[in-house]
Amino acid sequence: MRGDRKCILDSKQYNYCPHCNHDNPNETWRYLFCSENCREIYKILEDWTGKKISSDDAKQKLVLHELPSLDQIQPSLRKNIEDINASAQTILTNRIVEEKPKRRGRKKKTIVNED
Ligand SMILES: [Zn+2]
């Protein structure tokens, strides 16, 4: 079938023919994604891996979107979502703990040199 594509987020098969859609130059994302939803989720993950947003921010943005079921999502992206979920949960817990002013001498954040 012509225009047969596979979404890079959730591997969904879809059709997109750039020739039929030349009226919509704003929809070039359709080359990669089956839906705007997938595009937005991907953007969040991209911002997160590029450290533009925190896990907490990423999680808050992700919940606003309809997330495809995890086993549909490409493994590397799925790993990102799992990591976000894991670290964002920690932040959530910290917030609750923060209400109690009991704080034991926490380890100072150490900056790890990354190459
Ligand atoms: Zn998709």
# chains A, B, ... in the order shown; residues from 1 in each chain; ligands from 1
call {"tool": "closest_atom_pairs", "arguments": {"of": "chain A", "to": "ligand 1", "cutoff": "10 Å", "atoms": "only C-alpha atoms and all ligand atoms", "output": "JSON lines"}}
result
{"residue": "A:Lys6", "atom": "CA", "partner": "ligand 1", "partner_atom_place_in_ligand_line": "1 (Zn)", "distance": 7.8}
{"residue": "A:Cys7", "atom": "CA", "partner": "ligand 1", "partner_atom_place_in_ligand_line": "1 (Zn)", "distance": 4.6}
{"residue": "A:Ile8", "atom": "CA", "partner": "ligand 1", "partner_atom_place_in_ligand_line": "1 (Zn)", "distance": 6.7}
{"residue": "A:Leu9", "atom": "CA", "partner": "ligand 1", "partner_atom_place_in_ligand_line": "1 (Zn)", "distance": 5.3}
{"residue": "A:Asp10", "atom": "CA", "partner": "ligand 1", "partner_atom_place_in_ligand_line": "1 (Zn)", "distance": 4.6}
{"residue": "A:Ser11", "atom": "CA", "partner": "ligand 1", "partner_atom_place_in_ligand_line": "1 (Zn)", "distance": 6.3}
{"residue": "A:Lys12", "atom": "CA", "partner": "ligand 1", "partner_atom_place_in_ligand_line": "1 (Zn)", "distance": 5.3}
{"residue": "A:Gln13", "atom": "CA", "partner": "ligand 1", "partner_atom_place_in_ligand_line": "1 (Zn)", "distance": 8.0}
{"residue": "A:Tyr14", "atom": "CA", "partner": "ligand 1", "partner_atom_place_in_ligand_line": "1 (Zn)", "distance": 8.4}
{"residue": "A:Arg30", "atom": "CA", "partner": "ligand 1", "partner_atom_place_in_ligand_line": "1 (Zn)", "distance": 9.6}
{"residue": "A:Leu32", "atom": "CA", "partner": "ligand 1", "partner_atom_place_in_ligand_line": "1 (Zn)", "distance": 8.4}
{"residue": "A:Phe33", "atom": "CA", "partner": "ligand 1", "partner_atom_place_in_ligand_line": "1 (Zn)", "distance": 5.1}
{"residue": "A:Cys34", "atom": "CA", "partner": "ligand 1", "partner_atom_place_in_ligand_line": "1 (Zn)", "distance": 4.2}
{"residue": "A:Ser35", "atom": "CA", "partner": "ligand 1", "partner_atom_place_in_ligand_line": "1 (Zn)", "distance": 5.4}
{"residue": "A:Glu36", "atom": "CA", "partner": "ligand 1", "partner_atom_place_in_ligand_line": "1 (Zn)", "distance": 8.1}
{"residue": "A:Asn37", "atom": "CA", "partner": "ligand 1", "partner_atom_place_in_ligand_line": "1 (Zn)", "distance": 7.4}
{"residue": "A:Cys38", "atom": "CA", "partner": "ligand 1", "partner_atom_place_in_ligand_line": "1 (Zn)", "distance": 4.7}
{"residue": "A:Arg39", "atom": "CA", "partner": "ligand 1", "partner_atom_place_in_ligand_line": "1 (Zn)", "distance": 7.4}
{"residue": "A:Ile41", "atom": "CA", "partner": "ligand 1", "partner_atom_place_in_ligand_line": "1 (Zn)", "distance": 9.3}
{"residue": "A:Tyr42", "atom": "CA", "partner": "ligand 1", "partner_atom_place_in_ligand_line": "1 (Zn)", "distance": 9.4}
{"residue": "A:Leu67", "atom": "CA", "partner": "ligand 1", "partner_atom_place_in_ligand_line": "1 (Zn)", "distance": 9.7}
{"residue": "A:Pro68", "atom": "CA", "partner": "ligand 1", "partner_atom_place_in_ligand_line": "1 (Zn)", "distance": 7.9}
{"residue": "A:Gln72", "atom": "CA", "partner": "ligand 1", "partner_atom_place_in_ligand_line": "1 (Zn)", "distance": 9.1}
{"residue": "A:Ile73", "atom": "CA", "partner": "ligand 1", "partner_atom_place_in_ligand_line": "1 (Zn)", "distance": 8.5}
call {"tool": "write_last_selection", "arguments": {"atoms": "N, CA and C atoms", "output": "mmCIF file, in the first residue's frame"}}
result
data_model
loop_
_atom_site.group_PDB
_atom_site.id
_atom_site.type_symbol
_atom_site.label_atom_id
_atom_site.label_comp_id
_atom_site.auth_asym_id
_atom_site.auth_seq_id
_atom_site.Cartn_x
_atom_site.Cartn_y
_atom_site.Cartn_z
ATOM 1 N N LYS A 6 4.965 3.586 9.674
ATOM 2 C CA LYS A 6 4.934 3.035 11.009
ATOM 3 C C LYS A 6 5.302 4.154 11.976
ATOM 4 N N CYS A 7 4.447 4.374 12.951
ATOM 5 C CA CYS A 7 4.670 5.439 13.920
ATOM 6 C C CYS A 7 5.930 5.140 14.743
ATOM 7 N N ILE A 8 6.802 6.135 14.884
ATOM 8 C CA ILE A 8 8.043 5.866 15.618
ATOM 9 C C ILE A 8 7.820 5.850 17.124
ATOM 10 N N LEU A 9 6.633 6.212 17.554
ATOM 11 C CA LEU A 9 6.371 6.122 18.994
ATOM 12 C C LEU A 9 5.752 4.771 19.369
ATOM 13 N N ASP A 10 4.618 4.484 18.762
ATOM 14 C CA ASP A 10 3.909 3.278 19.203
ATOM 15 C C ASP A 10 3.812 2.199 18.125
ATOM 16 N N SER A 11 4.612 2.344 17.063
ATOM 17 C CA SER A 11 4.689 1.339 15.994
ATOM 18 C C SER A 11 3.377 1.100 15.267
ATOM 19 N N LYS A 12 2.434 1.992 15.447
ATOM 20 C CA LYS A 12 1.146 1.828 14.779
ATOM 21 C C LYS A 12 1.320 2.051 13.275
ATOM 22 N N GLN A 13 0.661 1.221 12.489
ATOM 23 C CA GLN A 13 0.708 1.399 11.040
ATOM 24 C C GLN A 13 -0.317 2.447 10.641
ATOM 25 N N TYR A 14 0.084 3.314 9.764
ATOM 26 C CA TYR A 14 -0.863 4.318 9.305
ATOM 27 C C TYR A 14 -0.482 4.732 7.891
ATOM 28 N N ARG A 30 3.570 14.171 10.317
ATOM 29 C CA ARG A 30 2.909 12.920 9.917
ATOM 30 C C ARG A 30 3.866 11.951 9.217
ATOM 31 N N LEU A 32 6.407 10.946 10.625
ATOM 32 C CA LEU A 32 6.948 10.114 11.699
ATOM 33 C C LEU A 32 5.906 9.546 12.648
ATOM 34 N N PHE A 33 4.817 10.291 12.820
ATOM 35 C CA PHE A 33 3.859 9.884 13.847
ATOM 36 C C PHE A 33 2.467 9.647 13.284
ATOM 37 N N CYS A 34 1.769 8.691 13.897
ATOM 38 C CA CYS A 34 0.426 8.370 13.430
ATOM 39 C C CYS A 34 -0.577 9.412 13.912
ATOM 40 N N SER A 35 -0.244 10.102 14.989
ATOM 41 C CA SER A 35 -1.183 11.077 15.529
ATOM 42 C C SER A 35 -0.427 12.204 16.217
ATOM 43 N N GLU A 36 -1.131 13.289 16.418
ATOM 44 C CA GLU A 36 -0.526 14.428 17.078
ATOM 45 C C GLU A 36 -0.202 14.056 18.532
ATOM 46 N N ASN A 37 -1.028 13.214 19.068
ATOM 47 C CA ASN A 37 -0.798 12.729 20.425
ATOM 48 C C ASN A 37 0.572 12.053 20.537
ATOM 49 N N CYS A 38 0.861 11.183 19.588
ATOM 50 C CA CYS A 38 2.153 10.488 19.590
ATOM 51 C C CYS A 38 3.292 11.486 19.432
ATOM 52 N N ARG A 39 3.081 12.476 18.601
ATOM 53 C CA ARG A 39 4.105 13.480 18.379
ATOM 54 C C ARG A 39 4.404 14.227 19.671
ATOM 55 N N ILE A 41 3.835 13.252 22.773
ATOM 56 C CA ILE A 41 4.471 12.372 23.756
ATOM 57 C C ILE A 41 5.955 12.254 23.429
ATOM 58 N N TYR A 42 6.237 12.088 22.163
ATOM 59 C CA TYR A 42 7.633 11.958 21.744
ATOM 60 C C TYR A 42 8.435 13.208 22.101
ATOM 61 N N LEU A 67 -1.697 7.962 26.751
ATOM 62 C CA LEU A 67 -0.499 7.166 26.513
ATOM 63 C C LEU A 67 -0.875 5.813 25.904
ATOM 64 N N PRO A 68 -0.222 5.447 24.812
ATOM 65 C CA PRO A 68 -0.488 4.107 24.266
ATOM 66 C C PRO A 68 -0.024 3.081 25.294
ATOM 67 N N GLN A 72 3.213 -1.324 23.378
ATOM 68 C CA GLN A 72 3.164 -0.852 21.989
ATOM 69 C C GLN A 72 4.298 0.120 21.696
ATOM 70 N N ILE A 73 4.766 0.753 22.744
ATOM 71 C CA ILE A 73 5.765 1.802 22.571
ATOM 72 C C ILE A 73 7.139 1.200 22.303
#
call {"tool": "closest_residue", "arguments": {"among": "A:Leu45, A:Leu77, A:Ala88, A:Cys20", "to": "Lys59 (chain A)", "atoms": "only C-alpha atoms"}}
result
A:Ala88
call {"tool": "select_by_dssp", "arguments": {"residues": "region 48-93 of chain A", "states": "helix (DSSP H, G or I)", "output": "PyMOL selection string"}}
result
chain A and resi 48-49+55-62+70-72+75-93
call {"tool": "atom_distance", "arguments": {"atom1": "CA of Asn26 (chain A)", "atom2": "CA of Glu66 (chain A)"}}
result
21.9 Å
call {"tool": "atom_distance", "arguments": {"atom1": "CA of Trp48 (chain A)", "atom2": "CA of Ala86 (chain A)"}}
result
13.5 Å
call {"tool": "residues_around", "arguments": {"residues": "Asn85 (chain A)", "least_positions_apart": "4", "cutoff": "10 Å", "atoms": "only C-alpha atoms", "output": "PyMOL selection string"}}
result
chain A and resi 55-56+58-59+62+79-81+89-90
call {"tool": "closest_residue", "arguments": {"among": "A:Arg5, A:Lys61, A:Thr28, A:Cys17", "to": "Asp47 (chain A)", "atoms": "only C-alpha atoms"}}
result
A:Lys61
